[in-house]
$ cat final-v4.cif   # mmCIF, N, CA and C atoms and all ligand atoms
data_model
#
loop_
_atom_site.label_atom_id
_atom_site.label_comp_id
_atom_site.auth_asym_id
_atom_site.auth_seq_id
_atom_site.Cartn_x
_atom_site.Cartn_y
_atom_site.Cartn_z
N MET S 1 50.83 256.17 -164.95
CA MET S 1 51.23 257.00 -163.79
C MET S 1 50.00 257.71 -163.23
N GLN S 2 49.28 258.38 -164.17
CA GLN S 2 48.05 259.10 -163.78
C GLN S 2 47.04 258.13 -163.17
N LYS S 3 46.96 256.96 -163.79
CA LYS S 3 46.02 255.93 -163.36
C LYS S 3 46.29 255.50 -161.90
N ALA S 4 47.57 255.30 -161.59
CA ALA S 4 47.96 254.82 -160.27
C ALA S 4 47.59 255.82 -159.18
N SER S 5 47.79 257.10 -159.44
CA SER S 5 47.50 258.08 -158.39
C SER S 5 45.98 258.21 -158.20
N ASN S 6 45.21 258.02 -159.27
CA ASN S 6 43.75 258.04 -159.15
C ASN S 6 43.28 256.90 -158.26
N ARG S 7 43.86 255.78 -158.50
CA ARG S 7 43.47 254.58 -157.75
C ARG S 7 43.73 254.80 -156.26
N GLY S 8 44.87 255.38 -155.96
CA GLY S 8 45.25 255.59 -154.57
C GLY S 8 44.37 256.60 -153.85
N SER S 9 43.77 257.53 -154.57
CA SER S 9 43.03 258.58 -153.89
C SER S 9 41.53 258.28 -153.81
N ASN S 10 41.09 257.21 -154.47
CA ASN S 10 39.66 256.89 -154.43
C ASN S 10 39.37 255.85 -153.34
N PRO S 11 38.74 256.23 -152.24
CA PRO S 11 38.54 255.29 -151.13
C PRO S 11 37.55 254.18 -151.44
N ARG S 12 36.75 254.37 -152.52
CA ARG S 12 35.78 253.31 -152.83
C ARG S 12 36.38 252.23 -153.72
N ASN S 13 37.57 252.48 -154.20
CA ASN S 13 38.25 251.48 -155.02
C ASN S 13 38.61 250.26 -154.14
N PRO S 14 38.18 249.05 -154.56
CA PRO S 14 38.43 247.88 -153.70
C PRO S 14 39.92 247.63 -153.44
N VAL S 15 40.76 247.92 -154.41
CA VAL S 15 42.20 247.72 -154.20
C VAL S 15 42.68 248.64 -153.09
N PHE S 16 42.19 249.88 -153.13
CA PHE S 16 42.57 250.86 -152.11
C PHE S 16 42.10 250.40 -150.72
N SER S 17 40.85 249.93 -150.63
CA SER S 17 40.32 249.46 -149.34
C SER S 17 41.15 248.31 -148.80
N LYS S 18 41.57 247.45 -149.71
CA LYS S 18 42.37 246.30 -149.30
C LYS S 18 43.72 246.75 -148.74
N LEU S 19 44.29 247.77 -149.39
CA LEU S 19 45.57 248.30 -148.92
C LEU S 19 45.42 248.87 -147.51
N ILE S 20 44.31 249.61 -147.29
CA ILE S 20 44.04 250.20 -145.98
C ILE S 20 43.90 249.08 -144.94
N LEU S 21 43.14 248.04 -145.30
CA LEU S 21 42.92 246.92 -144.41
C LEU S 21 44.25 246.25 -144.03
N ASN S 22 45.10 246.03 -145.03
CA ASN S 22 46.40 245.42 -144.78
C ASN S 22 47.27 246.32 -143.92
N PHE S 23 47.07 247.60 -144.08
CA PHE S 23 47.89 248.55 -143.32
C PHE S 23 47.53 248.51 -141.83
N TYR S 24 46.22 248.42 -141.55
CA TYR S 24 45.79 248.48 -140.15
C TYR S 24 45.78 247.14 -139.43
N PHE S 25 45.58 246.05 -140.16
CA PHE S 25 45.40 244.76 -139.48
C PHE S 25 46.44 243.67 -139.77
N PRO S 26 47.57 243.99 -140.39
CA PRO S 26 48.44 242.88 -140.81
C PRO S 26 48.98 242.08 -139.64
N ILE S 27 49.36 242.73 -138.54
CA ILE S 27 50.01 242.04 -137.43
C ILE S 27 49.03 241.06 -136.80
N LYS S 28 47.80 241.52 -136.59
CA LYS S 28 46.78 240.68 -136.00
C LYS S 28 46.54 239.42 -136.84
N LEU S 29 46.43 239.62 -138.15
CA LEU S 29 46.16 238.50 -139.05
C LEU S 29 47.30 237.49 -139.00
N ILE S 30 48.54 237.99 -139.04
CA ILE S 30 49.69 237.09 -139.04
C ILE S 30 49.74 236.29 -137.73
N MET S 31 49.50 236.97 -136.60
CA MET S 31 49.57 236.29 -135.30
C MET S 31 48.49 235.21 -135.19
N PHE S 32 47.31 235.55 -135.67
CA PHE S 32 46.20 234.61 -135.59
C PHE S 32 46.52 233.36 -136.40
N LYS S 33 47.06 233.59 -137.60
CA LYS S 33 47.40 232.49 -138.48
C LYS S 33 48.47 231.60 -137.84
N LYS S 34 49.43 232.25 -137.21
CA LYS S 34 50.55 231.51 -136.64
C LYS S 34 50.16 230.63 -135.46
N THR S 35 49.15 231.06 -134.67
CA THR S 35 48.87 230.33 -133.44
C THR S 35 48.00 229.09 -133.66
N ILE S 36 47.29 229.00 -134.80
CA ILE S 36 46.51 227.79 -135.04
C ILE S 36 47.44 226.71 -135.60
N GLU S 37 47.70 225.71 -134.77
CA GLU S 37 48.61 224.67 -135.23
C GLU S 37 48.36 223.38 -134.44
N ASP S 38 48.45 222.26 -135.15
CA ASP S 38 48.39 220.98 -134.48
C ASP S 38 49.81 220.60 -134.11
N PHE S 39 49.95 219.92 -132.97
CA PHE S 39 51.30 219.46 -132.63
C PHE S 39 51.23 218.17 -131.83
N THR S 40 52.32 217.42 -131.85
CA THR S 40 52.40 216.21 -131.06
C THR S 40 53.11 216.55 -129.76
N CYS S 41 52.47 216.23 -128.64
CA CYS S 41 53.08 216.53 -127.33
C CYS S 41 54.39 215.78 -127.23
N PHE S 42 55.49 216.47 -126.97
CA PHE S 42 56.75 215.73 -126.92
C PHE S 42 57.09 215.24 -125.52
N ASN S 43 56.09 215.29 -124.64
CA ASN S 43 56.23 214.64 -123.34
C ASN S 43 55.51 213.29 -123.34
N CYS S 44 54.23 213.27 -123.80
CA CYS S 44 53.46 212.02 -123.75
C CYS S 44 53.05 211.50 -125.14
N GLY S 45 53.31 212.26 -126.21
CA GLY S 45 53.03 211.80 -127.56
C GLY S 45 51.60 211.99 -128.02
N PHE S 46 50.76 212.65 -127.21
CA PHE S 46 49.37 212.89 -127.58
C PHE S 46 49.31 213.87 -128.75
N LYS S 47 48.43 213.55 -129.74
CA LYS S 47 48.26 214.46 -130.88
C LYS S 47 47.31 215.59 -130.47
N VAL S 48 47.85 216.78 -130.31
CA VAL S 48 47.06 217.92 -129.83
C VAL S 48 46.51 218.69 -131.03
N LYS S 49 45.18 218.87 -131.00
CA LYS S 49 44.54 219.65 -132.07
C LYS S 49 44.53 221.12 -131.69
N GLY S 50 45.18 221.94 -132.47
CA GLY S 50 45.23 223.37 -132.17
C GLY S 50 43.92 224.05 -132.48
N ASN S 51 43.52 225.02 -131.67
CA ASN S 51 42.29 225.78 -131.96
C ASN S 51 42.57 227.28 -131.98
N GLY S 52 43.84 227.64 -132.01
CA GLY S 52 44.18 229.06 -132.01
C GLY S 52 44.63 229.54 -130.64
N PHE S 53 44.30 228.79 -129.59
CA PHE S 53 44.70 229.18 -128.24
C PHE S 53 45.56 228.10 -127.58
N THR S 54 45.49 226.89 -128.15
CA THR S 54 46.18 225.76 -127.55
C THR S 54 47.69 226.00 -127.48
N ASP S 55 48.24 225.91 -126.27
CA ASP S 55 49.68 226.02 -126.16
C ASP S 55 50.25 224.93 -125.26
N HIS S 56 49.38 224.02 -124.81
CA HIS S 56 49.88 222.92 -124.00
C HIS S 56 49.03 221.67 -124.24
N CYS S 57 49.57 220.52 -123.81
CA CYS S 57 48.91 219.24 -124.02
C CYS S 57 47.77 219.08 -123.00
N PRO S 58 46.53 218.81 -123.45
CA PRO S 58 45.41 218.66 -122.51
C PRO S 58 45.50 217.39 -121.67
N LYS S 59 46.32 216.41 -122.11
CA LYS S 59 46.42 215.13 -121.38
C LYS S 59 47.41 215.23 -120.22
N CYS S 60 48.64 215.70 -120.50
CA CYS S 60 49.66 215.71 -119.44
C CYS S 60 50.02 217.13 -119.03
N LEU S 61 49.44 218.13 -119.71
CA LEU S 61 49.62 219.56 -119.43
C LEU S 61 51.01 220.10 -119.79
N ALA S 62 51.88 219.23 -120.38
CA ALA S 62 53.21 219.71 -120.76
C ALA S 62 53.09 220.73 -121.89
N SER S 63 54.05 221.63 -121.95
CA SER S 63 54.04 222.67 -122.97
C SER S 63 55.44 222.79 -123.55
N LYS S 64 55.55 223.59 -124.59
CA LYS S 64 56.84 223.78 -125.22
C LYS S 64 57.17 225.26 -125.14
N HIS S 65 58.43 225.58 -124.87
CA HIS S 65 58.80 226.99 -124.74
C HIS S 65 58.93 227.63 -126.12
N VAL S 66 57.81 228.14 -126.63
CA VAL S 66 57.81 228.74 -127.97
C VAL S 66 57.46 230.23 -127.94
N ASP S 67 56.89 230.71 -126.83
CA ASP S 67 56.47 232.11 -126.76
C ASP S 67 57.36 232.92 -125.84
N ILE S 68 57.55 234.19 -126.19
CA ILE S 68 58.14 235.15 -125.25
C ILE S 68 56.96 235.83 -124.55
N GLU S 69 56.06 236.39 -125.33
CA GLU S 69 54.77 236.84 -124.82
C GLU S 69 53.74 235.82 -125.31
N PRO S 70 52.66 235.56 -124.52
CA PRO S 70 51.70 234.52 -124.93
C PRO S 70 51.25 234.65 -126.39
N GLY S 71 51.43 233.58 -127.15
CA GLY S 71 50.95 233.53 -128.53
C GLY S 71 51.89 234.08 -129.58
N ASP S 72 53.03 234.65 -129.19
CA ASP S 72 53.87 235.27 -130.22
C ASP S 72 54.79 234.28 -130.95
N ARG S 73 55.03 233.10 -130.35
CA ARG S 73 55.87 232.06 -130.96
C ARG S 73 57.26 232.57 -131.32
N LEU S 74 57.79 233.50 -130.53
CA LEU S 74 59.07 234.14 -130.88
C LEU S 74 60.26 233.54 -130.15
N SER S 75 60.02 232.66 -129.18
CA SER S 75 61.14 232.11 -128.43
C SER S 75 61.87 231.06 -129.26
N LYS S 76 63.19 231.09 -129.21
CA LYS S 76 63.99 230.12 -129.93
C LYS S 76 64.32 228.91 -129.05
N CYS S 77 63.88 228.94 -127.79
CA CYS S 77 64.30 227.93 -126.82
C CYS S 77 63.81 226.52 -127.16
N ARG S 78 62.48 226.36 -127.36
CA ARG S 78 61.84 225.07 -127.69
C ARG S 78 62.04 224.02 -126.60
N GLY S 79 62.34 224.43 -125.38
CA GLY S 79 62.51 223.47 -124.29
C GLY S 79 61.16 222.93 -123.81
N LEU S 80 61.20 221.81 -123.09
CA LEU S 80 59.98 221.24 -122.51
C LEU S 80 59.59 222.05 -121.29
N MET S 81 58.31 222.46 -121.23
CA MET S 81 57.83 223.19 -120.07
C MET S 81 56.88 222.31 -119.28
N LEU S 82 57.13 222.17 -117.98
CA LEU S 82 56.27 221.34 -117.14
C LEU S 82 55.57 222.19 -116.09
N PRO S 83 54.31 221.81 -115.75
CA PRO S 83 53.58 222.57 -114.74
C PRO S 83 54.16 222.34 -113.36
N ILE S 84 54.38 223.40 -112.59
CA ILE S 84 54.92 223.26 -111.24
C ILE S 84 53.94 223.77 -110.19
N SER S 85 52.98 224.57 -110.63
CA SER S 85 52.01 225.09 -109.67
C SER S 85 50.76 225.55 -110.40
N ILE S 86 49.76 225.90 -109.64
CA ILE S 86 48.49 226.31 -110.26
C ILE S 86 47.78 227.31 -109.36
N ASP S 87 47.11 228.26 -109.97
CA ASP S 87 46.30 229.21 -109.21
C ASP S 87 44.87 229.12 -109.69
N TYR S 88 43.94 229.32 -108.78
CA TYR S 88 42.54 229.35 -109.16
C TYR S 88 42.00 230.73 -108.80
N LEU S 89 41.87 231.57 -109.82
CA LEU S 89 41.45 232.95 -109.61
C LEU S 89 40.33 233.28 -110.58
N LYS S 90 39.32 233.99 -110.11
CA LYS S 90 38.20 234.42 -110.97
C LYS S 90 37.63 233.27 -111.80
N HIS S 91 37.39 232.13 -111.16
CA HIS S 91 36.82 230.94 -111.81
C HIS S 91 37.67 230.42 -112.96
N GLU S 92 38.96 230.65 -112.89
CA GLU S 92 39.83 230.19 -113.97
C GLU S 92 41.13 229.66 -113.39
N PHE S 93 41.56 228.50 -113.91
CA PHE S 93 42.85 227.95 -113.50
C PHE S 93 43.97 228.61 -114.29
N THR S 94 45.02 229.02 -113.59
CA THR S 94 46.23 229.49 -114.26
C THR S 94 47.36 228.54 -113.89
N ILE S 95 47.94 227.91 -114.90
CA ILE S 95 49.00 226.94 -114.66
C ILE S 95 50.35 227.66 -114.72
N VAL S 96 51.22 227.37 -113.73
CA VAL S 96 52.55 227.96 -113.72
C VAL S 96 53.54 226.93 -114.26
N TYR S 97 54.28 227.31 -115.27
CA TYR S 97 55.22 226.40 -115.93
C TYR S 97 56.66 226.81 -115.69
N ILE S 98 57.53 225.79 -115.70
CA ILE S 98 58.96 226.08 -115.74
C ILE S 98 59.54 225.38 -116.96
N CYS S 99 60.42 226.09 -117.66
CA CYS S 99 61.09 225.50 -118.82
C CYS S 99 62.31 224.72 -118.33
N LEU S 100 62.36 223.42 -118.69
CA LEU S 100 63.44 222.58 -118.20
C LEU S 100 64.77 222.90 -118.89
N LYS S 101 64.72 223.65 -119.97
CA LYS S 101 65.94 223.96 -120.71
C LYS S 101 66.57 225.27 -120.24
N CYS S 102 65.74 226.33 -120.13
CA CYS S 102 66.32 227.64 -119.80
C CYS S 102 65.86 228.17 -118.45
N GLY S 103 64.91 227.48 -117.80
CA GLY S 103 64.48 227.88 -116.47
C GLY S 103 63.45 229.00 -116.42
N SER S 104 62.95 229.41 -117.59
CA SER S 104 61.93 230.46 -117.62
C SER S 104 60.66 229.99 -116.92
N ILE S 105 59.99 230.91 -116.26
CA ILE S 105 58.71 230.63 -115.64
C ILE S 105 57.64 231.34 -116.45
N LYS S 106 56.57 230.64 -116.78
CA LYS S 106 55.47 231.36 -117.42
C LYS S 106 54.13 230.85 -116.92
N ARG S 107 53.14 231.71 -116.99
CA ARG S 107 51.79 231.40 -116.52
C ARG S 107 50.87 231.31 -117.73
N VAL S 108 50.05 230.27 -117.75
CA VAL S 108 49.17 230.02 -118.89
C VAL S 108 47.79 229.68 -118.36
N SER S 109 46.74 230.20 -119.00
CA SER S 109 45.38 229.84 -118.60
C SER S 109 45.10 228.40 -118.99
N ALA S 110 44.46 227.65 -118.11
CA ALA S 110 44.07 226.28 -118.43
C ALA S 110 42.98 226.32 -119.49
N ALA S 111 42.96 225.31 -120.37
CA ALA S 111 41.94 225.25 -121.42
C ALA S 111 40.79 224.37 -120.94
N PRO S 112 39.58 224.57 -121.48
CA PRO S 112 38.42 223.77 -121.04
C PRO S 112 38.62 222.27 -121.23
N GLU S 113 39.44 221.87 -122.22
CA GLU S 113 39.63 220.44 -122.49
C GLU S 113 40.76 219.82 -121.67
N ASP S 114 41.38 220.60 -120.80
CA ASP S 114 42.48 220.07 -119.99
C ASP S 114 42.00 218.98 -119.03
N ASP S 115 42.85 218.01 -118.80
CA ASP S 115 42.55 216.89 -117.91
C ASP S 115 42.29 217.41 -116.49
N LYS S 116 41.03 217.24 -116.04
CA LYS S 116 40.64 217.81 -114.73
C LYS S 116 41.42 217.16 -113.57
N GLN S 117 41.69 215.86 -113.72
CA GLN S 117 42.43 215.17 -112.64
C GLN S 117 43.85 215.72 -112.51
N LYS S 118 44.46 216.02 -113.65
CA LYS S 118 45.82 216.60 -113.64
C LYS S 118 45.79 217.98 -112.97
N LEU S 119 44.77 218.77 -113.31
CA LEU S 119 44.64 220.10 -112.71
C LEU S 119 44.45 220.00 -111.20
N GLU S 120 43.57 219.04 -110.79
CA GLU S 120 43.32 218.86 -109.37
C GLU S 120 44.54 218.36 -108.63
N SER S 121 45.31 217.47 -109.27
CA SER S 121 46.50 216.96 -108.58
C SER S 121 47.50 218.09 -108.38
N LEU S 122 47.54 219.03 -109.34
CA LEU S 122 48.43 220.19 -109.17
C LEU S 122 48.00 221.05 -107.99
N THR S 123 46.67 221.23 -107.83
CA THR S 123 46.21 222.03 -106.70
C THR S 123 46.53 221.32 -105.38
N ARG S 124 46.45 219.97 -105.39
CA ARG S 124 46.78 219.21 -104.17
C ARG S 124 48.25 219.34 -103.82
N VAL S 125 49.11 219.26 -104.86
CA VAL S 125 50.55 219.41 -104.63
C VAL S 125 50.83 220.79 -104.05
N LYS S 126 50.15 221.79 -104.61
CA LYS S 126 50.37 223.15 -104.14
C LYS S 126 49.95 223.31 -102.67
N LYS S 127 48.78 222.73 -102.35
CA LYS S 127 48.28 222.81 -100.97
C LYS S 127 49.25 222.14 -100.01
N ALA S 128 49.73 220.95 -100.42
CA ALA S 128 50.65 220.21 -99.57
C ALA S 128 51.92 221.03 -99.33
N LEU S 129 52.44 221.66 -100.40
CA LEU S 129 53.65 222.47 -100.26
C LEU S 129 53.40 223.68 -99.36
N ASN S 130 52.23 224.30 -99.54
CA ASN S 130 51.90 225.47 -98.71
C ASN S 130 51.86 225.10 -97.23
N ASN S 131 51.28 223.90 -96.94
CA ASN S 131 51.19 223.47 -95.55
C ASN S 131 52.57 223.18 -94.99
N LYS S 132 53.43 222.60 -95.83
CA LYS S 132 54.76 222.21 -95.38
C LYS S 132 55.61 223.43 -95.05
N PHE S 133 55.50 224.47 -95.87
CA PHE S 133 56.39 225.63 -95.70
C PHE S 133 55.73 226.82 -95.02
N LYS S 134 54.65 226.55 -94.30
CA LYS S 134 53.93 227.62 -93.63
C LYS S 134 54.78 228.27 -92.54
ZN ZN A 201 51.21 215.43 -123.26
ZN ZN A 202 63.09 227.80 -122.34
#
$ encode --input "final-v4.cif" --output "structure tokens"
Amino acid sequence: MQKASNRGSNPRNPVFSKLILNFYFPIKLIMFKKTIEDFTCFNCGFKVKGNGFTDHCPKCLASKHVDIEPGDRLSKCRGLMLPISIDYLKHEFTIVYICLKCGSIKRVSAAPEDDKQKLESLTRVKKALNNKFK
């Protein structure tokens, strides 16, 4: 009993430091661990290598509805998400997705390995639509 309270009050004790570390950083560590994952694109079958940020297929840009907030993997929907539009802001592409199952719209930053032709065709579709509905 005496031993345990000593351990808890000594900040140089490695067990104590570890407890403090777990207390302050557990959520971050769990989220980081959860987001690194390989997956097979269920639109085109491409084997996607996860790098911790990957949330869509770099070949066809399809995504899966797994997040409520980006990276949290808390959505139970698991529907197929397809790109419907794209924005180019601050030297970065933002892809707009719609979930074919529940109709949710979400915006995701394009990854450096994304198929450039697919990104460009999305910008062309967007331009064409903008001209049509002006
Ligand atoms: Zn794909
Ligand atoms: Zn959904």
$ residues_around --input "final-v4.cif" --residues "Phe42 of chain S" --least-positions-apart "6" --cutoff "8 Å" --atoms "all atoms listed in the file" --output "list in words"
Cys57, Ala62, Ser63, Lys64 and Leu80 of chain S
$ closest_atom_pairs --input "final-v4.cif" --of "chain S" --to "ligand ZN 201 (chain A)" --cutoff "6.5 Å" --atoms "all atoms listed in the file" --output "tab-separated table"
residue	atom	partner	partner_atom	distance
S:Cys41	CA	A:ZN201	ZN	4.6
S:Phe42	N	A:ZN201	ZN	5.8
S:Asn43	C	A:ZN201	ZN	4.8
S:Cys44	N	A:ZN201	ZN	3.8
S:Gly45	N	A:ZN201	ZN	4.8
S:Phe46	N	A:ZN201	ZN	4.9
S:Cys57	CA	A:ZN201	ZN	4.5
S:Pro58	N	A:ZN201	ZN	5.8
S:Lys59	C	A:ZN201	ZN	4.9
S:Cys60	N	A:ZN201	ZN	3.8
S:Leu61	N	A:ZN201	ZN	4.8
S:Ala62	N	A:ZN201	ZN	4.8
$ residues_near_ligand --input "final-v4.cif" --ligand "ligand ZN 202 (chain A)" --cutoff "6 Å" --atoms "only N, CA and C atoms and all ligand atoms" --output "list in words"
His65, Cys77, Arg78, Gly79, Cys99, Leu100, Lys101, Cys102, Gly103 and Ser104 of chain S
$ write_last_selection --input "final-v4.cif" --atoms "N, CA and C atoms" --output "compact mmCIF listing (two decimals), keeping the file's coordinate frame"
# COMPACT_ATOMS: atom_id res chain seq x y z
N HIS S 65 58.43 225.58 -124.87
CA HIS S 65 58.80 226.99 -124.74
C HIS S 65 58.93 227.63 -126.12
N CYS S 77 63.88 228.94 -127.79
CA CYS S 77 64.30 227.93 -126.82
C CYS S 77 63.81 226.52 -127.16
N ARG S 78 62.48 226.36 -127.36
CA ARG S 78 61.84 225.07 -127.69
C ARG S 78 62.04 224.02 -126.60
N GLY S 79 62.34 224.43 -125.38
CA GLY S 79 62.51 223.47 -124.29
C GLY S 79 61.16 222.93 -123.81
N CYS S 99 60.42 226.09 -117.66
CA CYS S 99 61.09 225.50 -118.82
C CYS S 99 62.31 224.72 -118.33
N LEU S 100 62.36 223.42 -118.69
CA LEU S 100 63.44 222.58 -118.20
C LEU S 100 64.77 222.90 -118.89
N LYS S 101 64.72 223.65 -119.97
CA LYS S 101 65.94 223.96 -120.71
C LYS S 101 66.57 225.27 -120.24
N CYS S 102 65.74 226.33 -120.13
CA CYS S 102 66.32 227.64 -119.80
C CYS S 102 65.86 228.17 -118.45
N GLY S 103 64.91 227.48 -117.80
CA GLY S 103 64.48 227.88 -116.47
C GLY S 103 63.45 229.00 -116.42
N SER S 104 62.95 229.41 -117.59
CA SER S 104 61.93 230.46 -117.62
C SER S 104 60.66 229.99 -116.92
$ closest_residue --input "final-v4.cif" --among "S:Tyr88, S:Thr123, S:Arg73, S:Thr94" --to "Lys106 of chain S" --atoms "only N, CA and C atoms"
S:Thr94
$ atom_distance --input "final-v4.cif" --atom1 "atom CA of Asn51 of chain S" --atom2 "atom N of Val96 of chain S"
20.4 Å
$ atom_distance --input "final-v4.cif" --atom1 "atom CA of Arg124 of chain S" --atom2 "atom CA of Thr54 of chain S"
24.3 Å
$ atom_distance --input "final-v4.cif" --atom1 "atom CA of Leu122 of chain S" --atom2 "atom C of Asp87 of chain S"
9.6 Å
$ closest_residue --input "final-v4.cif" --among "S:Thr40, S:Asn13, S:Ser85, S:Ser109" --to "Lys126 of chain S" --atoms "only C-alpha atoms"
S:Ser85
$ closest_residue --input "final-v4.cif" --among "S:Lys90, S:Lys47, S:Pro83, S:Tyr97" --to "Leu119 of chain S" --atoms "only C-alpha atoms"
S:Pro83
$ select_by_dssp --input "final-v4.cif" --residues "segment 32-83 of chain S" --states "strand (DSSP E)" --output "PyMOL selection string"
chain S and resi 39-40+47-48+63-64+80-83
$ closest_residue --input "final-v4.cif" --among "S:His56, S:Lys127, S:Lys76, S:Gly71" --to "Asp114 of chain S" --atoms "only C-alpha atoms"
S:His56
$ axis_aligned_box --input "final-v4.cif" --around "segment 55-66 of chain S" --padding-each-side "4 Å" --output "AutoDock Vina command-line options"
--center_x 52.2 --center_y 222.7 --center_z -123.5 --size_x 21.5 --size_y 23.1 --size_z 16.9
$ closest_residue --input "final-v4.cif" --among "S:Asp55, S:Lys132, S:Glu69, S:Ile84" --to "Ala111 of chain S" --atoms "only N, CA and C atoms"
S:Asp55
